[in-house]
$ cat data.tsv   # TSV, C-alpha atoms
chain	number	residue	atom	x	y	z
A	1044	MET	CA	-22.66	39.45	12.38
A	1045	LYS	CA	-25.06	36.92	10.84
A	1046	LYS	CA	-24.09	38.10	7.33
A	1047	LEU	CA	-20.39	37.69	8.12
A	1048	SER	CA	-20.99	34.17	9.48
A	1049	LEU	CA	-23.03	33.26	6.41
A	1050	ILE	CA	-20.35	34.64	4.06
A	1051	LEU	CA	-17.59	32.73	5.88
A	1052	PHE	CA	-19.69	29.56	5.80
A	1053	LEU	CA	-20.34	29.90	2.06
A	1054	VAL	CA	-16.69	30.63	1.29
A	1055	PHE	CA	-15.60	27.58	3.29
A	1056	PHE	CA	-18.32	25.33	1.83
A	1057	LEU	CA	-17.74	26.37	-1.79
A	1058	SER	CA	-13.97	26.04	-1.53
A	1059	ALA	CA	-14.35	22.53	-0.11
A	1060	CYS	CA	-16.66	21.58	-2.98
A	1061	GLY	CA	-14.19	22.93	-5.51
A	1062	ASP	CA	-11.44	20.67	-4.17
A	1063	ALA	CA	-13.68	17.62	-4.45
A	1064	GLU	CA	-14.54	18.37	-8.06
A	1065	GLU	CA	-10.88	18.81	-8.97
A	1066	ASN	CA	-10.00	15.46	-7.37
A	1067	ASP	CA	-12.79	13.64	-9.22
A	1068	ASP	CA	-11.25	14.58	-12.58
A	1069	GLU	CA	-7.71	13.56	-11.66
A	1070	GLU	CA	-6.37	10.11	-12.43
A	1071	GLN	CA	-5.66	8.02	-9.35
A	1072	ASN	CA	-2.17	8.71	-8.06
A	1073	PHE	CA	-0.22	5.90	-6.46
A	1074	ASP	CA	3.16	6.10	-4.80
A	1075	ASP	CA	5.87	6.05	-7.48
A	1076	GLU	CA	7.86	3.56	-5.41
A	1077	ILE	CA	5.35	0.68	-5.49
A	1078	SER	CA	5.85	-2.43	-7.60
A	1079	ALA	CA	3.63	-3.51	-10.48
A	1080	GLN	CA	2.29	-6.31	-8.26
A	1081	GLU	CA	1.39	-3.84	-5.50
A	1082	GLU	CA	-0.37	-1.59	-8.00
A	1083	ALA	CA	-2.29	-4.55	-9.42
A	1084	CYS	CA	-3.39	-5.40	-5.88
A	1085	LEU	CA	-4.62	-1.83	-5.37
A	1086	HIS	CA	-6.63	-1.89	-8.62
A	1087	ILE	CA	-8.14	-5.33	-7.94
A	1088	LEU	CA	-9.27	-4.07	-4.52
A	1089	GLU	CA	-10.11	-0.41	-5.19
A	1090	GLY	CA	-10.66	-0.06	-8.94
A	1091	PRO	CA	-11.53	1.78	-10.95
A	1092	PHE	CA	-13.63	-1.13	-12.20
A	1093	ALA	CA	-14.88	-2.08	-15.67
A	1094	VAL	CA	-16.41	-5.16	-17.29
A	1095	SER	CA	-15.78	-6.95	-20.55
A	1096	ASP	CA	-17.17	-10.03	-22.27
A	1097	ALA	CA	-14.78	-12.57	-23.73
A	1098	THR	CA	-15.52	-14.56	-26.89
A	1099	LEU	CA	-14.45	-18.05	-27.89
A	1100	GLU	CA	-13.03	-16.71	-31.14
A	1101	VAL	CA	-9.78	-14.74	-31.12
A	1102	ASP	CA	-10.96	-11.85	-33.32
A	1103	ASP	CA	-12.28	-8.30	-33.32
A	1104	SER	CA	-15.65	-9.38	-31.87
A	1105	SER	CA	-13.94	-9.89	-28.48
A	1106	GLY	CA	-14.49	-7.37	-25.70
A	1107	ASN	CA	-11.61	-5.05	-24.87
A	1108	ILE	CA	-9.66	-4.29	-21.71
A	1109	ASN	CA	-7.83	-1.17	-22.93
A	1110	ARG	CA	-8.26	1.31	-20.09
A	1111	ALA	CA	-5.02	1.80	-18.21
A	1112	HIS	CA	-5.01	1.26	-14.45
A	1113	HIS	CA	-8.40	-0.49	-14.36
A	1114	SER	CA	-9.55	-3.75	-12.85
A	1115	TYR	CA	-11.64	-5.63	-15.41
A	1116	THR	CA	-14.12	-8.35	-14.61
A	1117	VAL	CA	-14.01	-10.51	-17.73
A	1118	SER	CA	-16.98	-12.84	-18.27
A	1119	LEU	CA	-15.76	-16.06	-19.86
A	1120	VAL	CA	-17.71	-18.34	-22.19
A	1121	GLU	CA	-18.66	-21.91	-21.31
A	1122	ASN	CA	-17.04	-24.42	-23.66
A	1123	THR	CA	-18.32	-27.89	-24.65
A	1124	ASP	CA	-16.49	-29.51	-21.69
A	1125	GLY	CA	-18.33	-27.33	-19.17
A	1126	ASP	CA	-15.25	-25.20	-18.45
A	1127	TYR	CA	-14.92	-21.48	-19.17
A	1128	GLN	CA	-12.54	-19.64	-21.48
A	1129	GLY	CA	-12.37	-16.71	-23.84
A	1130	ALA	CA	-10.46	-13.93	-25.54
A	1131	VAL	CA	-10.39	-10.17	-25.06
A	1132	ILE	CA	-8.64	-7.39	-26.98
A	1133	TYR	CA	-5.75	-5.40	-25.55
A	1134	ASP	CA	-4.17	-2.56	-27.55
A	1135	ALA	CA	-0.60	-2.08	-26.29
A	1136	SER	CA	0.32	1.61	-26.23
A	1137	ALA	CA	4.05	0.91	-26.63
A	1138	SER	CA	6.48	-1.92	-27.34
A	1139	ASP	CA	7.23	-3.13	-23.83
A	1140	ALA	CA	6.89	-5.90	-21.29
A	1141	TYR	CA	3.38	-6.11	-19.85
A	1142	GLY	CA	2.11	-7.75	-16.71
A	1143	ILE	CA	-1.32	-9.36	-16.98
A	1144	PHE	CA	-2.47	-9.86	-13.39
A	1145	THR	CA	-5.31	-12.28	-12.62
A	1146	ASN	CA	-7.23	-12.99	-9.45
A	1147	ILE	CA	-7.31	-16.75	-10.17
A	1148	ASP	CA	-4.82	-19.35	-11.33
A	1149	VAL	CA	-5.76	-19.44	-15.02
A	1150	GLU	CA	-3.80	-20.16	-18.19
A	1151	VAL	CA	-3.14	-17.05	-20.28
A	1152	ALA	CA	-2.12	-17.00	-23.94
A	1153	VAL	CA	-1.39	-13.84	-25.92
A	1154	PHE	CA	-1.64	-13.49	-29.70
A	1155	THR	CA	-0.75	-10.71	-32.10
A	1156	GLU	CA	-3.30	-9.34	-34.54
A	1157	GLN	CA	-1.77	-11.74	-37.11
A	1158	GLN	CA	-2.58	-14.67	-34.73
A	1159	GLU	CA	1.09	-15.25	-33.78
A	1160	SER	CA	1.46	-16.73	-30.30
A	1161	LEU	CA	3.69	-14.81	-27.87
A	1162	THR	CA	5.70	-16.29	-25.00
A	1163	VAL	CA	4.02	-15.77	-21.62
A	1164	THR	CA	5.84	-16.34	-18.32
A	1165	THR	CA	3.65	-16.95	-15.27
A	1166	THR	CA	4.63	-16.31	-11.64
A	1167	GLU	CA	2.78	-16.27	-8.33
A	1168	VAL	CA	1.97	-12.93	-6.72
A	1169	ASP	CA	2.90	-12.64	-3.05
A	1170	GLU	CA	1.86	-9.00	-2.48
A	1171	CYS	CA	-1.80	-9.76	-1.74
A	1172	ILE	CA	-4.26	-12.64	-1.76
A	1173	GLU	CA	-6.59	-10.91	-4.25
A	1174	VAL	CA	-4.09	-11.33	-7.13
A	1175	ALA	CA	-3.01	-14.91	-7.80
A	1176	ARG	CA	-0.76	-14.68	-10.87
A	1177	GLN	CA	1.36	-12.33	-12.96
A	1178	HIS	CA	1.57	-13.33	-16.62
A	1179	THR	CA	4.44	-11.42	-18.26
A	1180	VAL	CA	4.66	-10.95	-22.03
A	1181	GLU	CA	6.62	-8.76	-24.44
A	1182	MET	CA	4.19	-6.93	-26.74
A	1183	ASP	CA	4.81	-4.62	-29.67
A	1184	GLU	CA	2.67	-1.52	-29.96
A	1185	GLY	CA	-0.73	-2.41	-31.39
A	1186	ARG	CA	-3.60	-4.89	-31.09
A	1187	HIS	CA	-3.26	-8.15	-29.17
A	1188	PHE	CA	-5.65	-10.85	-28.04
A	1189	ILE	CA	-5.46	-12.24	-24.52
A	1190	PHE	CA	-7.00	-15.70	-24.13
A	1191	PHE	CA	-7.96	-17.01	-20.68
A	1192	GLY	CA	-8.64	-20.63	-19.78
A	1193	PRO	CA	-9.89	-23.17	-19.65
A	1194	THR	CA	-10.95	-22.77	-16.01
A	1195	THR	CA	-13.86	-23.77	-13.79
A	1196	ASP	CA	-14.44	-20.07	-12.99
A	1197	SER	CA	-16.92	-18.13	-15.15
A	1198	GLU	CA	-15.16	-14.79	-14.53
A	1199	VAL	CA	-11.63	-13.55	-14.09
A	1200	SER	CA	-10.51	-10.19	-12.69
A	1201	VAL	CA	-7.69	-8.72	-14.79
A	1202	VAL	CA	-5.31	-5.77	-14.48
A	1203	VAL	CA	-2.77	-5.05	-17.25
A	1204	GLU	CA	0.26	-2.93	-16.39
A	1205	GLU	CA	3.09	-1.70	-18.60
A	1206	LEU	CA	6.03	-2.94	-16.55
A	1207	SER	CA	8.54	-0.22	-17.52
A	1208	GLU	CA	6.41	2.23	-15.51
A	1209	PHE	CA	7.72	0.50	-12.36
A	1210	GLU	CA	11.47	0.43	-13.05

$ encode --input "data.tsv" --output "structure tokens"
Amino acid sequence: MKKLSLILFLVFFLSACGDAEENDDEEQNFDDEISAQEEACLHILEGPFAVSDATLEVDDSSGNINRAHHSYTVSLVENTDGDYQGAVIYDASASDAYGIFTNIDVEVAVFTEQQESLTVTTTEVDECIEVARQHTVEMDEGRHFIFFGPTTDSEVSVVVEELSEFE
């Protein structure tokens, strides 16, 4: 009887461990019916999290924020006025509208690799208090530079979402 109990325990224990390992490798799944703002709120609160360092120059020395469905803490650089600002790299995977969600009210400018400025529309986010603004911009596939600031904050939390995923 003890052997049977031990075998049943091991079968149950090992099968439970197997499920956990499978879930660790899967990408986070969110309800298909949520909005881009709701998903940005989830990422700002629950991650996955990553960090990146901005630079004052808009060039390839900037940190990148390329991982999809991640909340990035971007460290900004102090400028000569005592405010903070900086650029990071974002490689758009497709030509589409993108939402750049920030936890603070900060100016956002987006440039192509050829340093052409793109039009950014900024709106307030009402879905949660952890995300302050949605900055919407049309990007072609390829490298872009996202410039934050100036602001009095030394860091900004950022989530970038391809907006067609939510239509």

$ atom_distance --input "data.tsv" --atom1 "CA of Val1153 in chain A" --atom2 "CA of Glu1089 in chain A"
26.2 Å

$ atom_distance --input "data.tsv" --atom1 "CA of Val1174 in chain A" --atom2 "CA of Gln1128 in chain A"
18.6 Å

$ residues_near_point --input "data.tsv" --point "(-21.9, -19.8, -28.7)" --cutoff "12 Å" --atoms "all atoms listed in the file" --output "ChimeraX atom specification"
/A:1097-1100,1119-1123,1127-1129

$ residues_near_point --input "data.tsv" --point "(-8.6, -3.1, -26.7)" --cutoff "8 Å" --atoms "only C-alpha atoms" --output "PyMOL selection string"
chain A and resi 1106-1110+1131-1134+1186-1187

$ atom_distance --input "data.tsv" --atom1 "CA of Phe1144 in chain A" --atom2 "CA of Gln1158 in chain A"
21.9 Å

$ closest_residue --input "data.tsv" --among "A:Asp1103, A:Asp1196, A:Glu1184, A:Glu1170" --to "Ala1140 in chain A" --atoms "all atoms listed in the file"
A:Glu1184

$ residues_around --input "data.tsv" --residues "range 1114-1116 of chain A" --least-positions-apart "2" --cutoff "6 Å" --atoms "only C-alpha atoms" --output "ChimeraX atom specification"
/A:1086-1087,1090,1092-1094,1199-1202

$ residues_around --input "data.tsv" --residues "Val1149 in chain A" --least-positions-apart "5" --cutoff "7 Å" --atoms "only C-alpha atoms" --output "PyMOL selection string"
chain A and resi 1191-1192+1194
